[in-house]
Amino acid sequence: QVQLVESGGGLVQPGGSLRLSCVASGRIFSIDAMGWYRQAPGSGRDSVAVISSGGSTSYADSVRDRFAISRDNAKNTVYLQMNSLKPEDTAVYYCFVDHLFGRRWGQGTQVTVSS
């Protein structure tokens, strides 16, 4: 079993920053892509950012130039640095890891952007 534990969510004012972390542990074999999705109330789960095993990144248009994804392969950890946060970034953020036996999801961490 692979477990993902997210941290770093919380309440922040518009224009502020947060850094999310997601650590993978357990029976991990050949991690490929890692990334983040988010789900706002009443909406579906949307891709935010993805990073490949080689370090290539892709972003949703709504977060490009404000968010940055990175990974530490030695620690099986993926990060999401979120800057210039907006109220519309409010959502539950879920990390994922693609490995030999499929995709695993984290439990989600709440990010609320409000004054």
# chains A, B, ... in the order shown; residues from 1 in each chain; ligands from 1
$ closest_atom_pairs --of "range 33-64 of chain A" --to "range 86-100 of chain A" --cutoff "8 Å" --atoms "only C-alpha atoms" --output "tab-separated table"
residue	atom	partner	partner_atom	distance
A:Ala33	CA	A:Asp98	CA	5.3
A:Met34	CA	A:Val97	CA	4.6
A:Gly35	CA	A:Phe96	CA	5.4
A:Trp36	CA	A:Cys95	CA	4.4
A:Tyr37	CA	A:Tyr94	CA	5.2
A:Arg38	CA	A:Tyr93	CA	4.3
A:Gln39	CA	A:Ala91	CA	5.2
A:Ala40	CA	A:Ala91	CA	4.2
A:Pro41	CA	A:Ala91	CA	7.0
$ residues_around --residues "range 64-70 of chain A" --least-positions-apart "2" --cutoff "6 Å" --atoms "only C-alpha atoms" --output "list in words"
Tyr59, Asp61, Ser62, Val78, Tyr79, Leu80, Gln81, Met82 and Asn83 of chain A
$ select_by_dssp --residues "chain A" --states "strand (DSSP E or B)" --output "PyMOL selection string"
chain A and resi 2-7+10-12+18-26+34-39+45-51+57-59+67-72+77-82+91-99+102-105+109-113
$ select_by_dssp --residues "chain A" --states "helix (DSSP H, G or I)" --output "PyMOL selection string"
chain A and resi 73-75+87-89
$ atom_distance --atom1 "CA of Gly102 in chain A" --atom2 "CA of Gly8 in chain A"
25.3 Å
$ closest_residue --among "A:Thr77, A:Ser115, A:Ser53, A:Gln110" --to "Ile31 in chain A" --atoms "only C-alpha atoms"
A:Ser53
$ closest_residue --among "A:Gln3, A:Ser17, A:Ser47, A:Asn76" --to "Asp32 in chain A" --atoms "only C-alpha atoms"
A:Asn76
$ residues_around --residues "Gln107 in chain A" --least-positions-apart "5" --cutoff "8 Å" --atoms "only C-alpha atoms" --output "ChimeraX atom specification"
/A:4-6,94
$ closest_residue --among "A:Val111, A:Ala74, A:Val48, A:Val63" --to "Val23 in chain A" --atoms "only C-alpha atoms"
A:Ala74
$ closest_residue --among "A:Thr109, A:Leu85, A:Asp72, A:Pro14" --to "Gly55 in chain A" --atoms "only C-alpha atoms"
A:Asp72
$ closest_residue --among "A:Gly10, A:Trp105, A:Gln1, A:Ser84" --to "Phe29 in chain A" --atoms "only C-alpha atoms"
A:Gln1
$ decode --residues "range 86-98 of chain A" --atoms "C-alpha atoms" --output "mmCIF file, in the first residue's frame"
data_model
loop_
_atom_site.group_PDB
_atom_site.id
_atom_site.type_symbol
_atom_site.label_atom_id
_atom_site.label_comp_id
_atom_site.auth_asym_id
_atom_site.auth_seq_id
_atom_site.Cartn_x
_atom_site.Cartn_y
_atom_site.Cartn_z
ATOM 1 C CA LYS A 86 -7.084 34.629 -5.108
ATOM 2 C CA PRO A 87 -10.469 33.813 -3.560
ATOM 3 C CA GLU A 88 -11.194 31.578 -6.559
ATOM 4 C CA ASP A 89 -8.235 29.386 -5.528
ATOM 5 C CA THR A 90 -10.290 28.270 -2.515
ATOM 6 C CA ALA A 91 -10.673 24.487 -2.746
ATOM 7 C CA VAL A 92 -9.609 21.164 -1.319
ATOM 8 C CA TYR A 93 -6.240 20.319 -2.861
ATOM 9 C CA TYR A 94 -5.385 16.670 -3.542
ATOM 10 C CA CYS A 95 -1.976 15.335 -4.440
ATOM 11 C CA PHE A 96 -1.436 12.228 -6.527
ATOM 12 C CA VAL A 97 1.416 9.887 -7.369
ATOM 13 C CA ASP A 98 1.603 7.629 -10.414
#
